[in-house]
Every structure is written in structure tokens, then in C-alpha cells.
$ cat work-v1.cif   # mmCIF, C-alpha atoms and all ligand atoms
data_target
#
loop_
_atom_site.group_PDB
_atom_site.id
_atom_site.type_symbol
_atom_site.label_atom_id
_atom_site.label_comp_id
_atom_site.auth_asym_id
_atom_site.auth_seq_id
_atom_site.Cartn_x
_atom_site.Cartn_y
_atom_site.Cartn_z
ATOM 1 C CA MET A 1 0.216 10.409 -7.057
ATOM 2 C CA ARG A 2 0.622 14.107 -6.405
ATOM 3 C CA GLU A 3 4.272 13.925 -7.389
ATOM 4 C CA ALA A 4 3.366 12.255 -10.693
ATOM 5 C CA GLY A 5 0.952 15.125 -11.341
ATOM 6 C CA LEU A 6 -2.666 15.546 -12.385
ATOM 7 C CA HIS A 7 -1.855 14.557 -15.913
ATOM 8 C CA ALA A 8 -0.781 11.076 -14.754
ATOM 9 C CA LEU A 9 -3.886 10.721 -12.569
ATOM 10 C CA ARG A 10 -6.156 11.642 -15.490
ATOM 11 C CA ALA A 11 -4.366 9.131 -17.743
ATOM 12 C CA GLU A 12 -4.680 6.345 -15.145
ATOM 13 C CA LEU A 13 -8.352 7.071 -14.533
ATOM 14 C CA ALA A 14 -9.065 7.191 -18.253
ATOM 15 C CA ALA A 15 -7.427 3.769 -18.663
ATOM 16 C CA LEU A 16 -9.478 2.337 -15.800
ATOM 17 C CA LEU A 17 -12.736 4.016 -16.897
ATOM 18 C CA PRO A 18 -12.610 4.356 -20.696
ATOM 19 C CA GLU A 19 -16.291 5.312 -20.770
ATOM 20 C CA LEU A 20 -15.376 8.521 -18.888
ATOM 21 C CA ALA A 21 -12.117 9.207 -20.737
ATOM 22 C CA ASP A 22 -13.573 12.183 -22.621
ATOM 23 C CA ARG A 23 -14.440 13.895 -19.332
ATOM 24 C CA MET A 24 -11.070 13.812 -17.565
ATOM 25 C CA ASP A 25 -10.657 17.576 -18.115
ATOM 26 C CA ALA A 26 -13.307 18.018 -15.414
ATOM 27 C CA ILE A 27 -10.507 17.284 -12.917
ATOM 28 C CA ARG A 28 -8.932 20.721 -13.050
ATOM 29 C CA ASP A 29 -6.805 20.738 -9.891
ATOM 30 C CA TRP A 30 -6.187 18.698 -6.754
ATOM 31 C CA ARG A 31 -9.160 20.329 -5.017
ATOM 32 C CA ASP A 32 -11.363 18.282 -7.389
ATOM 33 C CA VAL A 33 -9.842 15.079 -6.014
ATOM 34 C CA HIS A 34 -11.019 13.885 -2.633
ATOM 35 C CA PHE A 35 -9.212 11.399 -0.482
ATOM 36 C CA LEU A 36 -11.521 8.960 1.279
ATOM 37 C CA SER A 37 -9.967 7.481 4.373
ATOM 38 C CA VAL A 38 -11.395 4.086 5.252
ATOM 39 C CA GLU A 39 -11.166 2.758 8.753
ATOM 40 C CA SER A 40 -12.306 -0.290 10.697
ATOM 41 C CA SER A 41 -12.290 0.196 14.439
ATOM 42 C CA ARG A 42 -14.338 0.170 17.635
ATOM 43 C CA ILE A 43 -14.460 2.515 20.593
ATOM 44 C CA PRO A 44 -13.866 0.675 23.884
ATOM 45 C CA THR A 45 -16.976 1.980 25.671
ATOM 46 C CA TRP A 46 -20.142 2.774 23.715
ATOM 47 C CA HIS A 47 -21.949 4.588 26.520
ATOM 48 C CA ARG A 48 -21.752 7.419 28.996
ATOM 49 C CA GLU A 49 -24.332 8.829 31.332
ATOM 50 C CA GLY A 50 -27.187 9.846 28.997
ATOM 51 C CA LEU A 51 -25.373 8.842 25.795
ATOM 52 C CA LEU A 52 -25.221 5.678 23.694
ATOM 53 C CA ALA A 53 -23.087 5.311 20.554
ATOM 54 C CA ILE A 54 -24.323 2.822 17.948
ATOM 55 C CA GLY A 55 -23.535 2.194 14.274
ATOM 56 C CA ASP A 56 -20.420 3.848 12.907
ATOM 57 C CA ALA A 57 -20.234 6.083 15.978
ATOM 58 C CA ALA A 58 -19.374 2.957 17.995
ATOM 59 C CA HIS A 59 -17.605 0.942 15.293
ATOM 60 C CA VAL A 60 -16.488 2.469 12.004
ATOM 61 C CA MET A 61 -16.976 -0.116 9.262
ATOM 62 C CA SER A 62 -14.805 -0.783 6.262
ATOM 63 C CA PRO A 63 -16.784 -0.915 2.991
ATOM 64 C CA ILE A 64 -15.768 -4.575 2.500
ATOM 65 C CA GLY A 65 -18.854 -6.760 2.205
ATOM 66 C CA GLY A 66 -21.199 -3.781 2.355
ATOM 67 C CA VAL A 67 -22.281 -4.624 5.905
ATOM 68 C CA GLY A 68 -22.029 -1.290 7.711
ATOM 69 C CA ILE A 69 -25.653 -0.284 7.219
ATOM 70 C CA ASN A 70 -26.892 -3.712 8.358
ATOM 71 C CA TYR A 71 -24.859 -3.469 11.538
ATOM 72 C CA ALA A 72 -25.938 0.101 12.233
ATOM 73 C CA ILE A 73 -29.600 -0.918 11.863
ATOM 74 C CA GLN A 74 -29.132 -4.067 13.962
ATOM 75 C CA ASP A 75 -27.576 -1.933 16.725
ATOM 76 C CA ALA A 76 -30.610 0.343 16.530
ATOM 77 C CA VAL A 77 -33.011 -2.615 16.765
ATOM 78 C CA ALA A 78 -31.088 -4.080 19.719
ATOM 79 C CA ALA A 79 -31.104 -0.655 21.406
ATOM 80 C CA ALA A 80 -34.854 -0.281 20.835
ATOM 81 C CA ASN A 81 -35.540 -3.767 22.218
ATOM 82 C CA LEU A 82 -33.370 -3.270 25.292
ATOM 83 C CA LEU A 83 -34.158 0.367 26.064
ATOM 84 C CA ALA A 84 -37.821 0.912 25.153
ATOM 85 C CA GLY A 85 -39.079 -0.798 28.323
ATOM 86 C CA PRO A 86 -36.816 1.067 30.779
ATOM 87 C CA LEU A 87 -37.441 4.347 28.906
ATOM 88 C CA LEU A 88 -41.203 3.897 29.135
ATOM 89 C CA ALA A 89 -40.912 2.948 32.790
ATOM 90 C CA GLY A 90 -38.684 5.973 33.401
ATOM 91 C CA ASN A 91 -35.979 3.907 35.073
ATOM 92 C CA LEU A 92 -33.270 3.800 32.407
ATOM 93 C CA THR A 93 -29.760 3.528 33.836
ATOM 94 C CA ARG A 94 -26.299 3.274 32.369
ATOM 95 C CA ALA A 95 -26.477 -0.493 32.963
ATOM 96 C CA HIS A 96 -29.199 -0.682 30.276
ATOM 97 C CA LEU A 97 -26.924 1.177 27.835
ATOM 98 C CA ALA A 98 -24.072 -1.207 28.689
ATOM 99 C CA ALA A 99 -26.377 -4.134 27.846
ATOM 100 C CA VAL A 100 -26.644 -2.827 24.250
ATOM 101 C CA GLN A 101 -22.861 -2.856 23.899
ATOM 102 C CA ARG A 102 -22.639 -6.337 25.457
ATOM 103 C CA ARG A 103 -25.166 -7.669 22.958
ATOM 104 C CA ARG A 104 -23.645 -6.070 19.846
ATOM 105 C CA ARG A 105 -19.910 -6.284 20.683
ATOM 106 C CA LEU A 106 -19.357 -9.893 19.548
ATOM 107 C CA PRO A 107 -21.110 -9.696 16.148
ATOM 108 C CA THR A 108 -19.282 -6.424 15.444
ATOM 109 C CA TRP A 109 -15.909 -7.903 16.393
ATOM 110 C CA PHE A 110 -16.646 -10.965 14.255
ATOM 111 C CA ILE A 111 -17.525 -9.101 11.065
ATOM 112 C CA GLN A 112 -14.637 -6.635 11.455
ATOM 113 C CA THR A 113 -12.260 -9.603 11.822
ATOM 114 C CA VAL A 114 -13.660 -11.107 8.606
ATOM 115 C CA GLN A 115 -13.293 -7.731 6.864
ATOM 116 C CA ALA A 116 -9.653 -7.447 8.028
ATOM 117 C CA LEU A 117 -8.957 -10.935 6.693
ATOM 118 C CA VAL A 118 -10.482 -10.115 3.305
ATOM 119 C CA GLN A 119 -8.554 -6.826 3.238
ATOM 120 C CA ARG A 120 -5.225 -8.546 3.957
ATOM 121 C CA GLN A 121 -5.688 -11.676 1.869
ATOM 122 C CA LEU A 122 -7.517 -10.317 -1.171
ATOM 123 C CA VAL A 123 -7.854 -6.545 -1.479
ATOM 124 C CA ALA A 124 -4.312 -5.561 -0.417
ATOM 125 C CA ARG A 125 -2.764 -8.199 -2.673
ATOM 126 C CA ALA A 126 -4.947 -7.240 -5.617
ATOM 127 C CA LEU A 127 -3.978 -3.568 -5.169
ATOM 128 C CA ARG A 128 -0.291 -4.558 -5.108
ATOM 129 C CA ASP A 129 -0.813 -6.667 -8.238
ATOM 130 C CA GLU A 130 0.323 -9.737 -6.325
ATOM 131 C CA PRO A 131 -1.031 -13.132 -7.316
ATOM 132 C CA PHE A 132 -3.361 -14.639 -4.769
ATOM 133 C CA ARG A 133 -5.291 -17.817 -4.342
ATOM 134 C CA LEU A 134 -8.623 -17.970 -2.577
ATOM 135 C CA PRO A 135 -8.416 -19.878 0.715
ATOM 136 C CA TRP A 136 -9.646 -23.473 0.387
ATOM 137 C CA PRO A 137 -13.074 -22.949 2.034
ATOM 138 C CA ALA A 138 -13.816 -20.250 -0.580
ATOM 139 C CA ARG A 139 -12.676 -22.562 -3.380
ATOM 140 C CA ILE A 140 -14.878 -25.526 -2.393
ATOM 141 C CA ALA A 141 -17.864 -23.429 -1.237
ATOM 142 C CA PRO A 142 -19.565 -23.093 -4.667
ATOM 143 C CA ALA A 143 -19.962 -26.891 -4.791
ATOM 144 C CA LEU A 144 -21.628 -27.064 -1.365
ATOM 145 C CA PRO A 145 -24.971 -25.228 -1.272
ATOM 146 C CA ARG A 146 -25.012 -24.723 2.496
ATOM 147 C CA LEU A 147 -21.469 -23.354 2.562
ATOM 148 C CA ARG A 148 -22.091 -21.309 -0.593
ATOM 149 C CA ASP A 149 -24.961 -19.451 1.057
ATOM 150 C CA LEU A 150 -23.097 -18.838 4.320
ATOM 151 C CA PRO A 151 -21.223 -15.622 3.365
ATOM 152 C CA ALA A 152 -24.450 -14.012 2.086
ATOM 153 C CA TRP A 153 -26.246 -15.118 5.252
ATOM 154 C CA LEU A 154 -23.466 -13.707 7.451
ATOM 155 C CA VAL A 155 -23.512 -10.389 5.581
ATOM 156 C CA GLY A 156 -27.308 -10.196 5.678
ATOM 157 C CA TRP A 157 -27.914 -11.343 9.248
ATOM 158 C CA GLY A 158 -24.589 -11.592 11.080
ATOM 159 C CA ILE A 159 -23.917 -14.050 13.879
ATOM 160 C CA ARG A 160 -26.541 -12.405 16.109
ATOM 161 C CA PRO A 161 -29.604 -11.455 14.031
ATOM 162 C CA GLU A 162 -31.897 -8.848 15.566
ATOM 163 C CA ARG A 163 -35.665 -8.684 15.325
ATOM 164 C CA VAL A 164 -37.891 -5.899 16.569
ATOM 165 C CA ARG A 165 -39.717 -6.950 19.748
ATOM 166 C CA HIS A 166 -43.037 -5.369 20.588
ATOM 167 C CA VAL A 167 -43.189 -3.390 23.765
ATOM 168 C CA VAL A 168 -46.578 -3.435 25.444
ATOM 169 C CA VAL A 169 -47.460 0.080 26.555
ATOM 170 C CA ASP A 170 -49.800 0.272 29.489
ATOM 171 C CA SER A 171 -52.146 3.172 28.671
ATOM 172 C CA GLN A 172 -53.659 3.229 32.179
HETATM 173 C C1 LIG B 1 -16.672 4.059 0.820
HETATM 174 C C2 LIG B 1 -17.651 3.342 1.699
HETATM 175 C C3 LIG B 1 -18.566 2.483 1.115
HETATM 176 C C4 LIG B 1 -19.485 1.795 1.909
HETATM 177 N N1 LIG B 1 -20.360 0.950 1.309
HETATM 178 C C5 LIG B 1 -21.275 0.318 2.033
HETATM 179 C C6 LIG B 1 -22.244 -0.536 1.416
HETATM 180 O O1 LIG B 1 -22.249 -0.726 0.200
HETATM 181 N N2 LIG B 1 -23.170 -1.128 2.211
HETATM 182 C C7 LIG B 1 -23.184 -0.939 3.571
HETATM 183 O O2 LIG B 1 -24.040 -1.529 4.259
HETATM 184 N N3 LIG B 1 -22.293 -0.134 4.176
HETATM 185 C C8 LIG B 1 -21.332 0.501 3.454
HETATM 186 N N4 LIG B 1 -20.425 1.319 4.070
HETATM 187 C C9 LIG B 1 -20.497 1.545 5.537
HETATM 188 C C10 LIG B 1 -21.741 2.385 5.876
HETATM 189 O O3 LIG B 1 -21.772 3.568 5.082
HETATM 190 C C11 LIG B 1 -21.762 2.776 7.357
HETATM 191 O O4 LIG B 1 -21.377 1.673 8.151
HETATM 192 C C12 LIG B 1 -23.171 3.235 7.760
HETATM 193 O O5 LIG B 1 -23.563 4.349 6.967
HETATM 194 C C13 LIG B 1 -23.223 3.608 9.243
HETATM 195 O O6 LIG B 1 -24.486 4.172 9.521
HETATM 196 P P1 LIG B 1 -24.655 5.187 10.732
HETATM 197 O O7 LIG B 1 -26.094 5.555 10.753
HETATM 198 O O8 LIG B 1 -24.053 4.587 11.963
HETATM 199 O O9 LIG B 1 -23.726 6.431 10.387
HETATM 200 P P2 LIG B 1 -23.861 7.448 9.174
HETATM 201 O O10 LIG B 1 -24.507 6.812 7.992
HETATM 202 O O11 LIG B 1 -22.512 8.057 9.013
HETATM 203 O O12 LIG B 1 -24.896 8.509 9.731
HETATM 204 C C14 LIG B 1 -24.509 9.501 10.644
HETATM 205 C C15 LIG B 1 -25.315 10.739 10.289
HETATM 206 O O13 LIG B 1 -25.142 11.707 11.321
HETATM 207 C C16 LIG B 1 -24.990 12.966 10.714
HETATM 208 N N5 LIG B 1 -24.271 13.835 11.678
HETATM 209 C C17 LIG B 1 -22.956 13.838 11.990
HETATM 210 N N6 LIG B 1 -22.696 14.756 12.904
HETATM 211 C C18 LIG B 1 -23.863 15.363 13.189
HETATM 212 C C19 LIG B 1 -24.252 16.399 14.079
HETATM 213 N N7 LIG B 1 -23.370 17.004 14.862
HETATM 214 N N8 LIG B 1 -25.548 16.744 14.108
HETATM 215 C C20 LIG B 1 -26.472 16.139 13.334
HETATM 216 N N9 LIG B 1 -26.173 15.135 12.477
HETATM 217 C C21 LIG B 1 -24.885 14.769 12.415
HETATM 218 C C22 LIG B 1 -24.202 12.706 9.453
HETATM 219 O O14 LIG B 1 -24.370 13.744 8.516
HETATM 220 C C23 LIG B 1 -24.855 11.398 8.981
HETATM 221 O O15 LIG B 1 -25.991 11.628 8.179
HETATM 222 C C24 LIG B 1 -19.486 1.996 3.317
HETATM 223 C C25 LIG B 1 -18.577 2.874 3.905
HETATM 224 C C26 LIG B 1 -17.647 3.536 3.094
HETATM 225 C C27 LIG B 1 -16.670 4.486 3.747
#
$ encode --input "work-v1.cif" --output "C-alpha cells" --more "lines below"
Ligand SMILES: Cc1cc2nc3c(=O)[nH]c(=O)nc-3n(C[C@H](O)[C@H](O)[C@H](O)COP(=O)(O)OP(=O)(O)OC[C@H]3O[C@@H](n4cnc5c(N)ncnc54)[C@H](O)[C@@H]3O)c2cc1C
Amino acid sequence: MREAGLHALRAELAALLPELADRMDAIRDWRDVHFLSVESSRIPTWHREGLLAIGDAAHVMSPIGGVGINYAIQDAVAAANLLAGPLLAGNLTRAHLAAVQRRRRLPTWFIQTVQALVQRQLVARALRDEPFRLPWPARIAPALPRLRDLPAWLVGWGIRPERVRHVVVDSQ
């Protein structure tokens, strides 16, 4: 893109976004153009003594499906449920932090695998202008209400939904 020059970038953007075509002069030089690197990965260990990584700090999410915020919040809920008791009792250990990773590792791996599949099968092909056909479950899903709702359910809740548990605080 840089080799083709700013002029070519402005022309391409104007073709993609005709409603903004009259404002392409606002891109004056390459410093006005920001490259967003997108990653999908997990760190192997989410905890150290006195430290717990959750959300993107533990597993950077691709924007596919718009699930990153859900997973970050679910990690936080799981952490609150698992750690509030030991914190209140003053006996928190690294084993409690490891329990948060154990609980959230599988749902995170699952959704990142789905995102990688969508990236490879749909997004990458669309960006290369290659023809693609939806896989058969996606083609028949609209006709089957239960299957049709599944992707939205998986994005909204994931394979391990989290709910806030109440911690009873002994005021004595
Ligand atoms: C292009 C793109 C689009 C996306 N779209 C969606 C979407 O539509 N829906 C969705 O659910 N997810 C989406 N995601 C993913 C989502 O943004 C993340 O998964 C989510 O924000 C992770 O939340 P978090 O709280 O873990 O981290 P963050 O939201 O990154 O929060 C971390 C915070 O810590 C702050 N911080 C960093 N260092 C320090 C420091 N040293 N001291 C103090 N504060 C610090 C940062 O400023 C930031 O506010 C998208 C991601 C990308 C890249």
C-alpha cells in the first residue's frame, strides 16, 4: 500500500466509502494512517505469585464474533467467584489463581478455535476475493431454529457461562 502511495489509498477508501469521499484530503500523510495488528493467542500461565491475568491480558481476542468483552467479563466473574472467599478469609494462594485459569481455559480455547476457523474459511478468502461456500451446518442452520440460535448463544454465553455467586461475609 505504501508503495502504491497515499493517492491510491485515498482512491480505494473513497470507492469503499463513497459517503466519505469528499473528506479523503484529511489523510495528509502516512502518520494519519494507523495499522491495527489483530492477534488471537493465549499465554501459557495466567498467574504468578500475587498476579492474575484475565481478559485480553491472558488471551488476546480477534474481533471476529465480537466476543472479547464477553470473555473478559466472564473471566472477571469467575475470578470473583473463586477468589472472593479466600481473599476475605486471608488465605489466598497461587492454587486459587490457578483454579481461575483451569476454569476459563477451555471456553477460551474453544472460542479462539472457532474464530480461527471463521478467519481461515471466510474472512481470509473474502479478503483475497476468492469464492467461498458456507460449510453445510451454516447453510442448513437457518431452517432449524435450535441450530440457528446456537451461534448467538455461543457468542453471548460461551460453553461455560458464568454467573455471579454471592459471598456471605461474616461481620462478626
Ligand atoms: C479491532 C477490534 C475490534 C473488536 N471488537 C469487539 C467487539 O465488537 N465486541 C467485543 O466483545 N470485543 C471486541 N474486540 C475485543 C475486545 O476489545 C477485547 O477482547 C476486550 O476489550 C478485552 O477487555 P480487557 O478488559 O481484557 O482489556 P482492555 O479492554 O484492553 O482493557 C485494558 C485496559 O488497561 C489499560 N492499561 C494498560 N496498561 C495499563 C497500565 N500500565 N496501567 C493502567 N492501565 C493500563 C488500558 O488502557 C485499557 O483501558 C475487538 C478487538 C479489536 C482489536
$ closest_atom_pairs --input "work-v1.cif" --of "chain A" --to "ligand LIG 1 (chain B)" --cutoff "7 Å" --atoms "all atoms listed in the file" --output "tab-separated table"
residue	atom	partner	partner_atom	distance
A:Val38	CA	B:LIG1	C27	5.5
A:Ile54	CA	B:LIG1	O8	6.2
A:Gly55	CA	B:LIG1	O8	3.4
A:Asp56	CA	B:LIG1	O8	3.8
A:Ala57	CA	B:LIG1	O8	5.7
A:Val60	CA	B:LIG1	O4	6.3
A:Met61	CA	B:LIG1	O4	4.9
A:Ser62	CA	B:LIG1	C25	5.8
A:Pro63	CA	B:LIG1	C4	4.0
A:Gly66	CA	B:LIG1	N2	3.3
A:Val67	CA	B:LIG1	O2	3.9
A:Gly68	CA	B:LIG1	O4	3.1
A:Ile69	CA	B:LIG1	O2	3.6
A:Asn70	CA	B:LIG1	O2	5.4
A:Ala72	CA	B:LIG1	O8	4.9
$ residues_around --input "work-v1.cif" --residues "Asp25 in chain A" --least-positions-apart "3" --cutoff "8 Å" --atoms "only C-alpha atoms" --output "JSON, numbers by chain"
{"A": [10, 22, 28]}
$ atom_distance --input "work-v1.cif" --atom1 "CA of Val77 in chain A" --atom2 "CA of Arg104 in chain A"
10.4 Å
$ atom_distance --input "work-v1.cif" --atom1 "CA of Arg102 in chain A" --atom2 "CA of Leu82 in chain A"
11.2 Å
$ closest_residue --input "work-v1.cif" --among "A:Val164, A:Ile140, A:Ala11, A:Leu154" --to "Tyr71 in chain A" --atoms "all atoms listed in the file"
A:Leu154
$ atom_distance --input "work-v1.cif" --atom1 "CA of Glu3 in chain A" --atom2 "CA of Asp29 in chain A"
13.2 Å
$ closest_residue --input "work-v1.cif" --among "A:His7, A:Arg125, A:Arg103, A:His47" --to "Ala78 in chain A" --atoms "all atoms listed in the file"
A:Arg103
$ residues_around --input "work-v1.cif" --residues "Met24 in chain A" --least-positions-apart "5" --cutoff "12 Å" --atoms "all atoms listed in the file" --output "list in words"
Leu6, His7, Ala8, Leu9, Arg10, Ala11, Glu12, Leu13, Ala14, Ala15, Leu16, Leu17, Pro18, Glu19, Asp29, Asp32 and Val33 of chain A
$ closest_residue --input "work-v1.cif" --among "A:Leu52, A:Ala124, A:Met1, A:Leu83" --to "His166 in chain A" --atoms "all atoms listed in the file"
A:Leu83
$ resolve_selection --input "work-v1.cif" --expression "the PyMOL selection byres (((chain A and resi 112) around 8) and not hetatm)" --output "NGL selection string"
:A and (40-41 or 61-62 or 108-111 or 113-116)
$ closest_residue --input "work-v1.cif" --among "A:Pro142, A:Pro131, A:Pro44, A:Gly85" --to "Ala98 in chain A" --atoms "all atoms listed in the file"
A:Pro44
$ closest_residue --input "work-v1.cif" --among "A:Ala21, A:Leu134, A:Leu106, A:Leu87" --to "Ile159 in chain A" --atoms "only C-alpha atoms"
A:Leu106
$ axis_aligned_box --input "work-v1.cif" --around "range 140-157 of chain A" --padding-each-side "6 Å" --output "lines of an AutoDock Vina configuration file"
center_x = -21.4
center_y = -18.6
center_z = 2.2
size_x = 25.0
size_y = 28.9
size_z = 26.0
